[in-house]
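Student: data.txt is reproduced below (compact mmCIF, C-alpha atoms).
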# COMPACT_ATOMS: atom_id res chain seq x y z
CA ALA A 4 30.96 -14.56 7.70
CA GLN A 5 29.29 -12.56 10.41
CA LYS A 6 26.19 -13.74 12.22
CA VAL A 7 23.93 -12.43 14.97
CA THR A 8 21.65 -14.68 17.00
CA GLN A 9 18.77 -13.63 19.20
CA ALA A 10 17.52 -16.90 20.60
CA GLN A 11 14.49 -15.40 22.37
CA THR A 12 11.73 -15.03 19.81
CA GLU A 13 9.14 -13.64 22.23
CA ILE A 14 9.23 -12.48 25.83
CA SER A 15 6.24 -11.48 27.89
CA VAL A 16 6.57 -9.72 31.24
CA VAL A 17 4.41 -7.78 33.63
CA GLU A 18 5.03 -4.09 34.09
CA LYS A 19 7.86 -3.20 36.51
CA GLU A 20 9.65 -6.50 35.94
CA ASP A 21 13.24 -6.41 34.76
CA VAL A 22 13.90 -8.16 31.45
CA THR A 23 17.09 -9.10 29.58
CA LEU A 24 17.28 -9.58 25.84
CA ASP A 25 20.12 -11.80 24.69
CA CYS A 26 22.35 -11.26 21.68
CA VAL A 27 25.23 -13.48 20.56
CA TYR A 28 27.40 -12.62 17.58
CA GLU A 29 30.05 -14.18 15.37
CA THR A 30 32.71 -12.33 13.44
CA ARG A 31 36.30 -12.87 12.33
CA ASP A 32 37.08 -9.16 12.38
CA THR A 33 38.93 -7.73 15.35
CA THR A 34 37.28 -4.33 14.81
CA TYR A 35 33.49 -4.35 14.72
CA TYR A 36 30.49 -2.49 16.02
CA LEU A 37 27.38 -3.73 17.77
CA PHE A 38 24.02 -2.04 17.75
CA TRP A 39 20.58 -2.33 19.29
CA TYR A 40 17.47 -1.05 17.56
CA LYS A 41 13.88 -0.83 18.75
CA GLN A 42 10.94 -1.32 16.39
CA PRO A 43 7.68 -0.14 17.99
CA PRO A 44 4.31 -1.10 16.50
CA SER A 45 4.51 1.92 14.17
CA GLY A 46 7.24 0.03 12.29
CA GLU A 47 10.16 2.46 12.13
CA LEU A 48 13.40 1.15 13.62
CA VAL A 49 14.91 3.44 16.21
CA PHE A 50 18.61 3.38 17.04
CA LEU A 51 19.32 2.76 20.74
CA ILE A 52 23.05 2.19 21.16
CA ARG A 53 26.34 1.45 19.42
CA ARG A 54 29.36 -0.28 20.98
CA ASN A 55 32.75 -0.80 19.36
CA SER A 56 34.81 -3.93 19.88
CA PHE A 57 37.48 -2.11 21.89
CA ASP A 58 35.11 -0.75 24.47
CA GLU A 59 33.78 -3.37 26.86
CA GLN A 60 32.46 -0.90 29.39
CA ASN A 61 28.86 -1.47 30.24
CA GLU A 62 26.49 1.33 29.36
CA ILE A 63 23.50 2.62 31.26
CA SER A 64 20.92 5.04 29.94
CA GLY A 65 17.99 5.55 32.26
CA ARG A 66 16.17 2.22 32.57
CA TYR A 67 18.25 0.69 29.78
CA SER A 68 21.61 -1.01 30.24
CA TRP A 69 23.88 -3.02 27.99
CA ASN A 70 26.40 -5.69 28.89
CA PHE A 71 29.12 -6.35 26.30
CA GLN A 72 31.33 -9.38 26.89
CA LYS A 73 33.86 -10.27 24.20
CA SER A 74 34.77 -13.50 25.99
CA THR A 75 31.30 -14.88 25.31
CA SER A 76 30.61 -12.83 22.15
CA SER A 77 27.50 -11.41 23.73
CA PHE A 78 25.89 -8.00 23.86
CA ASN A 79 22.85 -8.27 26.10
CA PHE A 80 20.26 -5.59 26.75
CA THR A 81 18.43 -5.15 30.05
CA ILE A 82 15.36 -3.05 30.69
CA THR A 83 14.82 -2.28 34.36
CA ALA A 84 11.31 -1.70 35.70
CA SER A 85 9.73 -2.35 32.31
CA GLN A 86 6.81 -0.25 31.09
CA VAL A 87 4.05 -0.89 28.58
CA VAL A 88 5.73 1.57 26.19
CA ASP A 89 8.72 -0.76 26.04
CA SER A 90 6.62 -3.25 24.08
CA ALA A 91 8.34 -3.58 20.71
CA VAL A 92 10.56 -5.79 18.61
CA TYR A 93 14.22 -5.35 19.52
CA PHE A 94 17.02 -6.09 17.08
CA CYS A 95 20.69 -6.62 17.73
CA ALA A 96 23.02 -5.95 14.78
CA LEU A 97 26.70 -6.15 13.84
CA SER A 98 28.83 -4.06 11.51
CA GLU A 99 32.38 -4.97 10.56
CA ARG A 100 35.12 -2.40 10.01
CA ASP A 101 35.37 -2.93 6.27
CA GLY A 102 31.65 -3.34 5.78
CA GLY A 103 30.89 0.32 5.07
CA SER A 104 28.18 0.42 7.74
CA ARG A 105 26.48 -2.65 6.30
CA LEU A 106 24.59 -4.32 9.15
CA THR A 107 23.87 -7.96 9.89
CA PHE A 108 20.75 -8.24 12.02
CA GLY A 109 19.55 -10.86 14.43
CA GLU A 110 16.10 -12.37 14.13
CA GLY A 111 14.62 -9.93 16.64
CA THR A 112 12.91 -10.41 20.01
CA GLN A 113 9.28 -9.43 20.45
CA LEU A 114 8.89 -7.96 23.93
CA THR A 115 5.40 -7.57 25.35
CA VAL A 116 4.98 -5.71 28.61
CA ASN A 117 1.57 -6.28 30.15
CA PRO A 118 -0.02 -3.83 32.58
CA ASP B 4 14.98 16.34 12.39
CA VAL B 5 16.60 13.73 10.18
CA LYS B 6 14.29 11.92 7.84
CA VAL B 7 14.06 8.86 5.68
CA THR B 8 10.78 8.69 3.82
CA GLN B 9 9.26 5.90 1.78
CA SER B 10 6.71 6.48 -0.93
CA SER B 11 3.97 4.21 0.44
CA ARG B 12 3.08 2.61 3.76
CA TYR B 13 0.90 -0.04 2.18
CA LEU B 14 0.90 -1.38 -1.37
CA VAL B 15 -1.10 -4.13 -3.04
CA LYS B 16 0.04 -5.45 -6.41
CA ARG B 17 -0.74 -8.38 -8.67
CA THR B 18 1.62 -11.17 -9.65
CA GLY B 19 3.72 -10.17 -12.64
CA GLU B 20 3.41 -6.42 -12.12
CA LYS B 21 6.47 -4.19 -12.06
CA VAL B 22 6.74 -2.52 -8.66
CA PHE B 23 8.72 0.55 -7.65
CA LEU B 24 9.47 1.36 -4.04
CA GLU B 25 10.98 4.79 -3.49
CA CYS B 26 13.12 6.01 -0.64
CA VAL B 27 14.36 9.54 0.00
CA GLN B 28 16.72 10.79 2.71
CA ASP B 29 17.50 14.38 3.61
CA MET B 30 20.71 13.84 5.58
CA ASP B 31 23.21 13.87 2.68
CA HIS B 32 24.19 10.29 3.55
CA GLU B 33 26.46 8.34 1.25
CA ASN B 34 25.02 4.90 2.04
CA MET B 35 21.53 3.70 1.40
CA PHE B 36 20.05 0.25 1.99
CA TRP B 37 17.00 -1.84 1.20
CA TYR B 38 15.93 -4.61 3.57
CA ARG B 39 13.01 -6.93 3.74
CA GLN B 40 11.62 -8.01 7.08
CA ASP B 41 9.84 -11.31 7.57
CA PRO B 42 8.71 -12.91 10.85
CA GLY B 43 11.42 -15.04 12.42
CA LEU B 44 14.03 -13.94 9.87
CA GLY B 45 14.84 -10.46 11.07
CA LEU B 46 15.97 -7.92 8.49
CA ARG B 47 17.72 -9.23 5.41
CA LEU B 48 19.71 -6.97 3.13
CA ILE B 49 18.57 -6.91 -0.49
CA TYR B 50 20.82 -4.24 -2.01
CA PHE B 51 22.84 -1.29 -0.85
CA SER B 52 24.51 1.69 -2.45
CA TYR B 53 27.48 3.71 -1.23
CA ASP B 54 27.36 6.38 -3.92
CA VAL B 55 25.31 7.67 -6.81
CA LYS B 56 25.00 5.06 -9.57
CA MET B 57 26.81 2.50 -7.40
CA LYS B 58 25.11 -0.61 -6.07
CA GLU B 59 26.09 -3.79 -4.30
CA LYS B 60 24.15 -7.00 -3.86
CA GLY B 61 23.13 -7.89 -0.37
CA ASP B 62 22.16 -11.29 0.93
CA ILE B 63 18.95 -11.81 -1.06
CA PRO B 64 19.12 -9.81 -4.33
CA GLU B 65 17.29 -12.33 -6.53
CA GLY B 66 14.15 -10.91 -8.07
CA TYR B 67 15.08 -7.31 -7.25
CA SER B 68 17.02 -4.47 -8.80
CA VAL B 69 17.83 -0.95 -7.61
CA SER B 70 18.49 2.49 -8.96
CA ARG B 71 20.33 5.43 -7.47
CA GLU B 72 20.42 8.37 -9.85
CA LYS B 73 20.61 11.02 -7.12
CA LYS B 74 22.33 10.91 -3.76
CA GLU B 75 19.13 11.35 -1.79
CA ARG B 76 17.01 8.78 -3.61
CA PHE B 77 17.26 5.00 -3.73
CA SER B 78 14.65 2.94 -5.55
CA LEU B 79 13.90 -0.76 -5.23
CA ILE B 80 12.37 -2.43 -8.28
CA LEU B 81 10.54 -5.71 -8.47
CA GLU B 82 10.65 -6.49 -12.20
CA SER B 83 7.88 -9.08 -12.03
CA ALA B 84 6.30 -9.31 -8.60
CA SER B 85 5.65 -12.74 -7.13
CA THR B 86 3.68 -13.81 -4.08
CA ASN B 87 6.86 -14.74 -2.20
CA GLN B 88 7.86 -11.08 -2.34
CA THR B 89 4.99 -10.18 -0.02
CA SER B 90 6.83 -8.60 2.88
CA MET B 91 7.71 -5.45 4.80
CA TYR B 92 10.36 -3.42 2.98
CA LEU B 93 12.57 -1.05 4.94
CA CYS B 94 14.87 1.59 3.58
CA ALA B 95 17.79 3.02 5.57
CA SER B 96 20.64 5.45 5.13
CA SER B 97 23.91 6.18 6.90
CA LEU B 98 27.18 7.97 6.63
CA TRP B 99 29.97 5.99 5.00
CA LEU B 100 32.03 4.60 7.88
CA SER B 101 31.13 1.29 9.51
CA TYR B 102 30.56 2.69 12.98
CA ASN B 103 27.73 4.92 11.84
CA GLU B 104 24.20 3.95 12.73
CA GLN B 105 21.59 3.55 10.06
CA PHE B 106 18.45 5.66 10.00
CA PHE B 107 15.32 3.89 8.89
CA GLY B 108 12.17 4.86 7.06
CA PRO B 109 8.70 3.78 8.24
CA GLY B 110 8.55 0.78 5.92
CA THR B 111 6.31 -0.30 3.06
CA ARG B 112 4.12 -3.33 3.57
CA LEU B 113 3.80 -4.90 0.15
CA THR B 114 1.21 -7.55 -0.62
CA VAL B 115 1.43 -9.40 -3.93
CA LEU B 116 -1.77 -11.21 -4.89
Give the structure from the file, written as structure tokens.

Tutor:
Amino acid sequence: AQKVTQAQTEISVVEKEDVTLDCVYETRDTTYYLFWYKQPPSGELVFLIRRNSFDEQNEISGRYSWNFQKSTSSFNFTITASQVVDSAVYFCALSERDGGSRLTFGEGTQLTVNP
Amino acid sequence: DVKVTQSSRYLVKRTGEKVFLECVQDMDHENMFWYRQDPGLGLRLIYFSYDVKMKEKGDIPEGYSVSREKKERFSLILESASTNQTSMYLCASSLWLSYNEQFFGPGTRLTVL
């Protein structure tokens, strides 16, 4: 069965610091998809990125970057020069090919960026 | 702008009451999902549906049922609410294939007294 682990329950940083959120996954499928979502205080989860298992290229979008490493079954998320607006709960999730977009979520990491 | 809406943001019910949580999406998505979110446990899937009148159990279906009579609407039913069902409930929808992201509603915070 698939599993996603986010070992960091809470992280607190000061504005402008870089921060990395860890995500480790388990799956027996060779084709799968990894996602990151952001949940701001308003509560609605917002999709950030999707990666498929055949694409190990790192992705950068502005201050956000993602590092996917199949060898360690990890899909880590880095925020560069963090801002107060980045404060949120971040979830990593996994979808398997035959799962019909059914997601398995990690426990979430609460990120607090202090001014 | 794509939208998933949920009928209530906050709901307070008494033990033993029947509770309906409604979710509507306007994106013509095949799949719809109900999750509950609890601190330290992340999001756990209660039920999902990949077509009208179809439903599949998720990881924690006990104490819940669902209804999908129309493609755009997916209802979660608590037949007899209990205090351990106090939680945040999130609805989501997506296109069928597994690589598609899910779109989430704002959530309903349910308190059962």

Student: I'd like to know which of A:Tyr40, A:Phe71, A:Tyr35, A:Phe78 is closest to Gly45 in chain B, using all atoms listed in the file.

Tutor: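 Selected residue with least distance to Gly45 in chain B: A:Tyr40.
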
Student: Please list as a PDB file with C-alpha atoms, keeping the file's coordinate frame every residue within 7 Å of Thr30 in chain A, counting all atoms listed in the file and excluding residues in the same chain fewer than 2 positions away.

Tutor:
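Saved file part09.pdb follows:
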ATOM      1  CA  ALA A   4      30.960 -14.560   7.700  1.00  0.00           C
ATOM      2  CA  GLN A   5      29.290 -12.560  10.410  1.00  0.00           C
ATOM      3  CA  LYS A   6      26.190 -13.740  12.220  1.00  0.00           C
ATOM      4  CA  TYR A  28      27.400 -12.620  17.580  1.00  0.00           C
ATOM      5  CA  ASP A  32      37.080  -9.160  12.380  1.00  0.00           C
TER       6      ASP A  32
END

Student: Range 97-112 of chain B: which residues within 7 Å, counting all atoms listed in the file, same-chain residues fewer than 2 positions away excluded, as a ChimeraX atom specification?

Tutor: /A:36,46-48,98-105 /B:7-9,11-14,32-35,90-95,114

Student: To one decimal in Å, tell me the separation between CA of Arg31 in chain A and CA of Thr81 in chain A.

Tutor: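 Separation of CA of Arg31 in chain A and CA of Thr81 in chain A: 26.3 Å.
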
Student: One decimal, in Å: what's the spacing between CA of Leu46 in chain B and CA of Glu20 in chain B?

Tutor: 24.2 Å

Student: Produce the centre coordinates and the three edge lengths, each in Å to one decimal, of the box along x, y and z that contains all listed atoms of range 72-85 of chain B with 5 Å added on each side, as AutoDock Vina command-line options.

Tutor:
--center_x 14.0 --center_y -0.7 --center_z -7.0 --size_x 26.7 --size_y 34.1 --size_z 20.4

Student: May I ask for the distance between CA of Gly109 in chain A and CA of Val87 in chain A, given in Å to one decimal place?

Tutor: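 CA of Gly109 in chain A sits 23.2 Å away from CA of Val87 in chain A.
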
Student: Which neighbours of range 82-85 of chain B fall inside 8 Å, counting all atoms listed in the file, when residues of the same chain fewer than 2 positions from it are skipped, and could you give them as a PyMOL selection string?

Tutor: chain B and resi 16-22+66-68+80+87-89+115-116

Student: Quick one: residues within 8 Å of Thr23 in chain A, all atoms listed in the file counted, chain neighbours fewer than 6 positions away excluded, as number ranges by chain?

Tutor: A: 79-82

Student: Pick from B:Val15, B:Leu79, B:Leu48, B:Ile63: nearest to chain A, with all atoms listed in the file counted?

Tutor: B:Leu48

Student: Hey, which of B:Ser52, B:Ser96, B:Gln40, B:Thr86 ends up closest to Ser70 in chain B? Count only C-alpha atoms.

Tutor: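 Distance minimum relative to Ser70 in chain B lands on B:Ser52.
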
Student: Which residue is closest to chain B? Choose from A:Asn117, A:Thr8, A:Ser76, A:Ser85 and count all atoms listed in the file.

Tutor: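 Comparing A:Asn117, A:Thr8, A:Ser76, A:Ser85 against chain B, the winner is A:Thr8.
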
Student: Using only C-alpha atoms, which of the listed residues (B:Phe51, B:Lys58, B:Lys6, B:Glu25) sits closest to chain A?

Tutor: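 Among the listed residues, the smallest separation from chain A belongs to B:Phe51.
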